[in-house]
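Undergrad: My structure is in input-v4.txt, and what it holds is compact mmCIF, C-alpha atoms:
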# COMPACT_ATOMS: atom_id res chain seq x y z
CA MET X 1 73.01 32.30 85.71
CA ALA X 2 72.10 28.63 85.33
CA ARG X 3 74.23 26.60 82.94
CA ASP X 4 72.89 23.17 83.96
CA VAL X 5 72.11 20.77 81.12
CA TYR X 6 70.70 17.29 81.74
CA VAL X 7 71.01 15.03 78.71
CA VAL X 8 68.64 12.07 78.73
CA GLY X 9 69.61 9.88 75.82
CA SER X 10 71.85 7.29 74.24
CA VAL X 11 75.47 6.26 74.63
CA ASN X 12 77.09 4.18 71.88
CA ALA X 13 80.41 3.05 70.56
CA ASP X 14 80.81 4.31 66.97
CA LEU X 15 82.56 1.95 64.55
CA VAL X 16 83.41 4.05 61.49
CA VAL X 17 84.54 3.02 58.00
CA ARG X 18 85.64 5.80 55.63
CA LEU X 19 85.12 4.98 51.95
CA SER X 20 85.37 6.57 48.52
CA SER X 21 81.60 6.11 48.09
CA LEU X 22 78.71 4.80 50.16
CA PRO X 23 77.56 1.28 49.28
CA ARG X 24 74.25 0.78 47.52
CA PRO X 25 71.95 -2.05 48.71
CA GLY X 26 73.74 -5.33 48.11
CA GLU X 27 77.03 -3.66 47.18
CA THR X 28 80.41 -4.07 48.90
CA VAL X 29 82.83 -1.13 48.77
CA THR X 30 86.43 -1.99 49.71
CA GLY X 31 89.53 0.05 50.43
CA GLY X 32 88.19 1.94 53.44
CA THR X 33 89.83 2.88 56.73
CA PHE X 34 88.50 2.01 60.19
CA GLU X 35 88.14 4.13 63.36
CA ARG X 36 86.41 3.72 66.72
CA HIS X 37 84.92 6.68 68.58
CA GLY X 38 82.58 7.42 71.44
CA GLY X 39 79.08 8.00 70.11
CA GLY X 40 75.36 7.88 70.69
CA LYS X 41 73.31 10.99 69.97
CA GLY X 42 72.79 11.68 73.67
CA ALA X 43 76.47 11.35 74.56
CA ASN X 44 77.52 13.44 71.56
CA GLN X 45 75.09 16.17 72.59
CA ALA X 46 76.37 16.04 76.16
CA VAL X 47 79.94 16.52 74.95
CA ALA X 48 78.90 19.45 72.73
CA ALA X 49 77.06 21.10 75.63
CA ALA X 50 80.03 20.64 77.95
CA ARG X 51 82.46 22.08 75.41
CA ALA X 52 80.12 25.07 75.04
CA GLY X 53 80.45 25.77 78.76
CA ALA X 54 77.50 24.00 80.37
CA ALA X 55 77.60 21.87 83.51
CA VAL X 56 76.31 18.61 82.07
CA ARG X 57 74.82 15.52 83.69
CA MET X 58 74.39 12.47 81.45
CA VAL X 59 71.38 10.24 82.15
CA ALA X 60 71.78 6.99 80.22
CA ALA X 61 72.57 3.26 80.30
CA VAL X 62 75.53 1.28 79.02
CA GLY X 63 76.46 -2.37 79.25
CA ASP X 64 78.66 -3.84 81.95
CA ASP X 65 81.36 -4.42 79.32
CA ASP X 66 84.57 -2.91 78.00
CA LEU X 67 82.77 -0.62 75.56
CA GLY X 68 80.61 0.73 78.40
CA ALA X 69 83.62 1.41 80.61
CA GLU X 70 85.37 3.16 77.72
CA ALA X 71 82.26 5.27 76.98
CA ILE X 72 81.98 6.42 80.60
CA ALA X 73 85.69 7.28 80.74
CA GLN X 74 85.37 9.37 77.57
CA LEU X 75 82.46 11.35 79.06
CA GLU X 76 84.31 11.87 82.33
CA ALA X 77 87.29 13.20 80.39
CA GLU X 78 84.98 15.91 78.99
CA GLY X 79 84.03 16.98 82.52
CA ILE X 80 80.55 15.42 82.33
CA ASP X 81 78.81 14.12 85.46
CA VAL X 82 78.27 10.40 84.78
CA SER X 83 76.80 9.44 88.16
CA ALA X 84 73.42 8.82 86.49
CA VAL X 85 74.82 6.53 83.77
CA GLN X 86 73.70 3.00 84.61
CA ARG X 87 75.93 -0.04 84.07
CA ARG X 88 73.57 -2.83 82.97
CA ALA X 89 74.44 -6.52 83.10
CA ASP X 90 71.33 -7.43 81.08
CA ALA X 91 72.31 -5.68 77.83
CA PRO X 92 75.50 -4.75 75.94
CA THR X 93 76.59 -1.20 75.25
CA GLY X 94 74.93 0.25 72.15
CA VAL X 95 76.91 0.19 68.91
CA ALA X 96 76.62 2.30 65.74
CA LEU X 97 78.07 1.13 62.42
CA ILE X 98 78.87 4.21 60.33
CA ALA X 99 80.01 4.52 56.72
CA VAL X 100 81.31 7.93 55.57
CA ASP X 101 82.19 8.88 51.99
CA GLU X 102 84.69 11.41 50.62
CA ALA X 103 82.01 14.15 50.52
CA GLY X 104 81.27 13.71 54.20
CA GLU X 105 77.89 12.04 53.72
CA ASN X 106 77.10 9.04 55.92
CA GLN X 107 75.00 5.95 56.53
CA ILE X 108 74.37 4.76 60.10
CA ALA X 109 73.00 1.50 61.52
CA VAL X 110 72.49 1.24 65.29
CA ALA X 111 72.19 -1.71 67.70
CA SER X 112 70.55 -0.09 70.72
CA GLY X 113 71.76 -2.45 73.44
CA ALA X 114 71.51 -0.92 76.92
CA ASN X 115 69.92 2.24 75.55
CA ALA X 116 66.71 0.24 75.14
CA VAL X 117 66.49 -0.62 78.85
CA LEU X 118 66.96 2.85 80.37
CA SER X 119 64.04 3.17 82.81
CA ALA X 120 61.70 6.06 83.56
CA ALA X 121 62.47 5.63 87.28
CA ALA X 122 66.19 6.14 86.66
CA VAL X 123 65.47 9.38 84.81
CA GLU X 124 63.19 10.64 87.58
CA ARG X 125 65.90 9.97 90.18
CA ALA X 126 68.53 11.73 88.12
CA LEU X 127 66.43 14.89 87.72
CA ALA X 128 65.26 15.08 91.32
CA GLY X 129 66.37 18.38 92.81
CA ALA X 130 67.22 19.99 89.47
CA ALA X 131 67.46 23.78 89.77
CA PRO X 132 65.06 25.95 87.71
CA GLY X 133 66.48 27.63 84.63
CA GLY X 134 68.46 24.71 83.26
CA VAL X 135 67.69 22.52 80.26
CA VAL X 136 66.70 18.89 79.85
CA LEU X 137 67.76 17.68 76.40
CA LEU X 138 65.95 14.54 75.25
CA GLY X 139 66.51 12.22 72.28
CA LEU X 140 64.74 9.26 70.69
CA GLU X 141 67.49 6.63 70.70
CA ILE X 142 65.88 5.51 73.99
CA PRO X 143 62.28 4.33 74.64
CA ASP X 144 59.29 6.65 75.07
CA ALA X 145 58.93 6.00 78.82
CA PRO X 146 62.22 7.61 79.93
CA VAL X 147 61.73 10.44 77.41
CA LEU X 148 58.30 11.23 78.83
CA ALA X 149 59.62 10.93 82.39
CA GLY X 150 62.37 13.40 81.58
CA ALA X 151 59.97 15.91 80.03
CA ARG X 152 57.57 15.68 82.96
CA ALA X 153 60.33 16.10 85.52
CA ALA X 154 61.73 19.06 83.61
CA ARG X 155 58.39 20.83 83.48
CA ALA X 156 57.80 20.20 87.19
CA ALA X 157 61.22 21.67 88.04
CA GLY X 158 60.94 24.72 85.78
CA LEU X 159 63.50 23.64 83.20
CA TRP X 160 63.51 24.04 79.43
CA VAL X 161 62.40 20.88 77.60
CA VAL X 162 64.30 20.41 74.35
CA LEU X 163 63.40 17.30 72.34
CA ASN X 164 65.55 16.22 69.41
CA PRO X 165 63.16 13.76 67.69
CA ALA X 166 65.84 11.64 66.08
CA PRO X 167 65.46 9.08 64.74
CA ALA X 168 61.94 10.25 63.93
CA ARG X 169 59.00 8.25 65.23
CA GLU X 170 55.44 9.07 66.21
CA LEU X 171 55.47 11.22 69.34
CA PRO X 172 53.02 10.43 72.17
CA ASP X 173 50.30 13.01 72.74
CA ALA X 174 51.30 13.15 76.41
CA LEU X 175 54.79 14.26 75.36
CA LEU X 176 53.58 16.89 72.88
CA ALA X 177 51.22 18.25 75.55
CA LEU X 178 54.29 19.23 77.60
CA SER X 179 55.19 21.76 74.86
CA PRO X 180 58.77 20.68 74.16
CA LEU X 181 61.01 22.73 71.89
CA LEU X 182 61.38 20.31 68.95
CA THR X 183 64.66 20.30 66.99
CA PRO X 184 64.30 17.88 64.05
CA ASN X 185 66.24 18.02 60.83
CA ARG X 186 64.45 18.57 57.52
CA ASP X 187 63.61 14.92 56.87
CA GLU X 188 62.52 14.27 60.46
CA ALA X 189 60.32 17.37 60.49
CA CYS X 190 58.55 16.33 57.30
CA ALA X 191 58.06 12.77 58.58
CA LEU X 192 56.64 13.99 61.89
CA SER X 193 54.34 16.63 60.40
CA GLY X 194 53.25 14.99 57.15
CA GLU X 195 54.31 18.13 55.28
CA ARG X 196 56.57 18.03 52.23
CA GLU X 197 58.30 21.39 52.68
CA PRO X 198 60.45 22.18 55.75
CA GLU X 199 58.87 25.62 56.30
CA ALA X 200 55.39 24.10 56.44
CA ALA X 201 56.70 21.28 58.64
CA ALA X 202 58.24 23.73 61.10
CA ARG X 203 55.00 25.70 61.33
CA ALA X 204 52.92 22.53 61.77
CA LEU X 205 55.14 21.20 64.56
CA ALA X 206 55.01 24.50 66.43
CA GLU X 207 51.21 24.45 66.16
CA ARG X 208 51.08 20.90 67.53
CA THR X 209 53.18 21.67 70.60
CA GLY X 210 52.17 25.26 71.24
CA ALA X 211 55.89 26.03 71.51
CA PRO X 212 58.59 27.19 69.07
CA ALA X 213 60.13 24.60 66.76
CA VAL X 214 63.56 24.56 65.14
CA VAL X 215 64.20 22.62 61.93
CA THR X 216 67.82 22.23 60.86
CA ILE X 217 68.41 22.28 57.11
CA GLY X 218 72.05 21.30 56.79
CA ALA X 219 74.24 23.84 55.00
CA GLY X 220 71.19 26.11 54.79
CA GLY X 221 71.18 26.69 58.55
CA ALA X 222 67.89 26.34 60.41
CA LEU X 223 64.26 27.41 60.40
CA LEU X 224 62.78 28.89 63.57
CA ALA X 225 58.98 28.70 63.81
CA ASP X 226 57.64 30.90 66.56
CA GLY X 227 54.35 32.74 66.96
CA GLY X 228 53.04 31.76 63.54
CA SER X 229 56.07 33.00 61.60
CA VAL X 230 59.05 31.06 60.25
CA ALA X 231 62.50 32.68 60.13
CA ARG X 232 65.38 31.26 58.09
CA LEU X 233 68.66 31.57 59.97
CA PRO X 234 71.67 30.97 57.68
CA ALA X 235 74.78 28.92 58.33
CA PRO X 236 78.34 30.05 57.61
CA GLU X 237 80.01 28.49 54.58
CA VAL X 238 82.52 25.80 55.51
CA ASP X 239 84.43 23.05 53.70
CA ALA X 240 82.73 20.01 55.24
CA VAL X 241 84.68 16.78 55.59
CA ASP X 242 82.25 14.81 57.80
CA THR X 243 78.62 15.68 58.64
CA THR X 244 78.35 12.87 61.21
CA GLY X 245 77.21 14.39 64.49
CA ALA X 246 76.51 17.90 63.18
CA GLY X 247 72.96 17.68 64.47
CA ASP X 248 74.24 16.56 67.85
CA ALA X 249 76.66 19.49 67.98
CA PHE X 250 73.74 21.80 67.18
CA ASN X 251 71.54 20.40 69.95
CA GLY X 252 74.25 20.41 72.59
CA ALA X 253 75.25 23.98 71.79
CA LEU X 254 71.60 25.06 71.73
CA ALA X 255 70.97 23.55 75.16
CA SER X 256 74.08 25.21 76.58
CA ALA X 257 73.09 28.62 75.22
CA LEU X 258 69.53 28.35 76.55
CA ALA X 259 70.80 27.22 79.95
CA GLY X 260 73.04 30.27 79.96
CA GLY X 261 70.05 32.56 79.53
CA ALA X 262 70.29 33.32 75.80
CA GLU X 263 67.15 34.30 73.90
CA LEU X 264 65.94 31.52 71.59
CA GLU X 265 66.93 33.10 68.26
CA ALA X 266 70.39 33.99 69.55
CA ALA X 267 70.78 30.46 70.91
CA VAL X 268 69.81 28.96 67.54
CA ARG X 269 72.26 31.19 65.68
CA SER X 270 75.04 30.18 68.06
CA ALA X 271 74.18 26.49 67.65
CA ILE X 272 74.21 26.78 63.85
CA ALA X 273 77.76 28.16 63.98
CA VAL X 274 78.92 25.33 66.25
CA ALA X 275 77.31 22.69 64.01
CA ALA X 276 78.90 24.16 60.88
CA GLU X 277 82.32 24.17 62.51
CA SER X 278 81.87 20.54 63.59
CA THR X 279 81.64 19.39 59.95
CA ARG X 280 85.24 20.50 59.37
CA ARG X 281 86.50 17.67 61.60
CA HIS X 282 86.23 13.89 61.36
CA GLY X 283 84.07 11.96 63.81
CA ALA X 284 80.83 12.73 65.63
CA ARG X 285 82.68 14.65 68.35
CA GLY X 286 85.49 16.16 66.31
What does this structure look like when you write it as C-alpha cells?

TA:
Amino acid sequence: MARDVYVVGSVNADLVVRLSSLPRPGETVTGGTFERHGGGKGANQAVAAARAGAAVRMVAAVGDDDLGAEAIAQLEAEGIDVSAVQRRADAPTGVALIAVDEAGENQIAVASGANAVLSAAAVERALAGAAPGGVVLLGLEIPDAPVLAGARAARAAGLWVVLNPAPARELPDALLALSPLLTPNRDEACALSGEREPEAAARALAERTGAPAVVTIGAGGALLADGGSVARLPAPEVDAVDTTGAGDAFNGALASALAGGAELEAAVRSAIAVAAESTRRHGARG
C-alpha cells in the first residue's frame, strides 16, 4: 500500500536558547544555554513522517550557504528524498530563533529567507507523476502560490491534501475549495474560524472546506470534526520537557498513517501518541 508523503513547506536552521523563564517584552533573561538544530515546520514534518515509515520527498528551498548545505545533509541522513529542495543564490536559508523555558513552553521568531521564494512551478515539477494514494502535506511558512500549486497537483493525482495552517493566516478561497484536511492547533483554529471555542472552530472549519478538520489541543489531544460531529481524542499523559515541534510531529505522523491506508480517526490517534512522545525530548526533532 502507498506510503508516499510529499512535504511542501519550509526548511530552517533552529537557533535555540534554553532559559529559566521566557522574556517579557523589553526584558533580557540571562543564564541560558545555546543549541543549533535543523528546523522549519516542513522539514520537521518530513522527518516525523520518515521516522513513522513513510517514503518522503521534501519540496522546499534553502539558501546557497552553509546552513542550507547542513539542512539538506540532515534530511538526507533521515532517508528523505531531497532532489526537489532548491538551492537559491538569491536568498539565505531560513532561520528560527527559539526561546524555551523550564516548563517546555517556547517563543519563536522566524526569518523566512529562501522559504519565501519557493515557486509554484517548482512544486508542480516535484509532484509530477505522483502515484495515487499518497499524501501531500502543506504548511504556511511558504507563500500561498506554492501551497495552492501543491494542493491542486495533489487533487489531480488522487492524493490526500493535508494542510497545516501554521502560522495562521487567511486562506484563499481557491485553496479551501480543494477540500484540504486542515490540522490547526487551538489558537490557529480560532483565528481562522472566528470562533472562541475549539469545538466550534473545528466544526466551522469542516463546514468551510466540506472535509474533516483536526484541531490539536496540546495535552488534551485533538478534536476531529467530521460529518457534523466533533470527537475529542485524548492524549497520553507524559512529562513534557519541550513542546517545540510537537505539532510538526503530529502532522508528519498523521500523513504517514494516512499514506499507509489508515482510517482518519485511527491516523489521528496514532499521531497524537507520536506528538505526546516528542515532548519528552529536547528539540523540534527530538

Undergrad: Give me, as a list in words, all polymer residues having an atom no more than 6 Å from X:Val110, counting only C-alpha atoms and skipping those fewer than 2 positions away in the same chain.

TA: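 Final neighbour list, sorted by chain and number: Val95, Ala96 and Ser112 of chain X.
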
Undergrad: Point out the residue among X:Asp90, X:Glu124, X:Glu263, X:Glu199 with the least atom-to-atom distance to X:Ala231, counting only C-alpha atoms.

TA: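 Smallest distance to X:Ala231 is found for X:Glu199.
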
Undergrad: With all atoms listed in the file as the atoms that count, which of X:Arg57, X:Gly228, X:Ala222, X:Trp160 lies nearest to X:Arg203?

TA: X:Gly228

Undergrad: Suppose you want the space between atom CA of X:Val29 and atom CA of X:Val17; what is it in Å?

TA: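 These two atoms are separated by 10.3 Å.
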
Undergrad: Could you write out as lines of an AutoDock Vina configuration file the box around stretch 56-68 of chain X (axis-aligned, all atoms listed in the file, 6 Å on each side), with centre and edge lengths in Å to one decimal?

TA:
center_x = 78.0
center_y = 7.1
center_z = 79.6
size_x = 25.2
size_y = 35.0
size_z = 20.1

Undergrad: To one decimal place in Å, what is the distance between atom CA of X:Gly221 and atom CA of X:Ala177?

TA: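 Computing it gives 27.5 Å between the two atoms.
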
Undergrad: Would you mind telling me which residue in X:Glu237, X:Ala191, X:Ala99, X:Ser179 lies nearest to X:Ser21 when using only C-alpha atoms?

TA: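 That would be X:Ala99, the residue with the smallest distance to X:Ser21.
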
Undergrad: Please provide the set of residues having any atom within 9 Å of X:Ile217, restricted to all atoms listed in the file, with same-chain residues fewer than 5 positions apart removed, written as a list in words.

TA: Asn185, Arg186, Asp187, Pro198, Ala222 and Leu223 of chain X

Undergrad: Write out as a ChimeraX atom specification which residues come within 10 Å of stretch 138-146 of chain X when counting only C-alpha atoms, dropping same-chain ones fewer than 2 positions away.

TA: /X:6-12,40-42,45,59-61,94,110,112-124,135-136,148-152,161-172,175,180,182-183,248,251

Undergrad: Atom CA of X:Val5 and atom CA of X:Ala154, how far apart in Å?

TA: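 Distance reported for this atom pair: 10.8 Å.
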
Undergrad: I'd like the contact shell of stretch 78-84 of chain X - 6 Å cut-off, all atoms listed in the file, skipping same-chain residues fewer than 2 positions apart - returned as a list in words.

TA: Val56, Arg57, Met58, Val59, Leu75, Glu76 and Ala126 of chain X

Undergrad: What lies within 12 Å of X:Ala257 using only C-alpha atoms, ignoring chain neighbours under 3 positions off, as number ranges by chain?

TA: X: 1-5, 48-55, 133-135, 160, 250-254, 260-272, 274

Undergrad: Mind writing the picked residues with C-alpha atoms as a compact mmCIF listing (two decimals), in the coordinates of the input?

TA:
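For reference, result_9.txt as written:
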# COMPACT_ATOMS: atom_id res chain seq x y z
CA MET X 1 73.01 32.30 85.71
CA ALA X 2 72.10 28.63 85.33
CA ARG X 3 74.23 26.60 82.94
CA ASP X 4 72.89 23.17 83.96
CA VAL X 5 72.11 20.77 81.12
CA ALA X 48 78.90 19.45 72.73
CA ALA X 49 77.06 21.10 75.63
CA ALA X 50 80.03 20.64 77.95
CA ARG X 51 82.46 22.08 75.41
CA ALA X 52 80.12 25.07 75.04
CA GLY X 53 80.45 25.77 78.76
CA ALA X 54 77.50 24.00 80.37
CA ALA X 55 77.60 21.87 83.51
CA GLY X 133 66.48 27.63 84.63
CA GLY X 134 68.46 24.71 83.26
CA VAL X 135 67.69 22.52 80.26
CA TRP X 160 63.51 24.04 79.43
CA PHE X 250 73.74 21.80 67.18
CA ASN X 251 71.54 20.40 69.95
CA GLY X 252 74.25 20.41 72.59
CA ALA X 253 75.25 23.98 71.79
CA LEU X 254 71.60 25.06 71.73
CA GLY X 260 73.04 30.27 79.96
CA GLY X 261 70.05 32.56 79.53
CA ALA X 262 70.29 33.32 75.80
CA GLU X 263 67.15 34.30 73.90
CA LEU X 264 65.94 31.52 71.59
CA GLU X 265 66.93 33.10 68.26
CA ALA X 266 70.39 33.99 69.55
CA ALA X 267 70.78 30.46 70.91
CA VAL X 268 69.81 28.96 67.54
CA ARG X 269 72.26 31.19 65.68
CA SER X 270 75.04 30.18 68.06
CA ALA X 271 74.18 26.49 67.65
CA ILE X 272 74.21 26.78 63.85
CA VAL X 274 78.92 25.33 66.25

Undergrad: Which residue is closest to X:Asp226? Choose from X:Glu207, X:Glu277, X:Asp14, X:Asp101 and count only C-alpha atoms.

TA: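 Among the listed residues, the smallest separation from X:Asp226 belongs to X:Glu207.
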
Undergrad: Nearest residue to X:Val85 out of X:Pro234, X:Pro25, X:Gly68, X:Pro184, using only C-alpha atoms?

TA: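 With only C-alpha atoms as the atom set, the closest residue is X:Gly68.
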
Undergrad: So, counting all atoms listed in the file, which residue among X:Ala259, X:Leu97, X:Arg24, X:Ala13 is closest to X:Val62?

TA: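 Among the listed residues, X:Ala13 lies closest to X:Val62.
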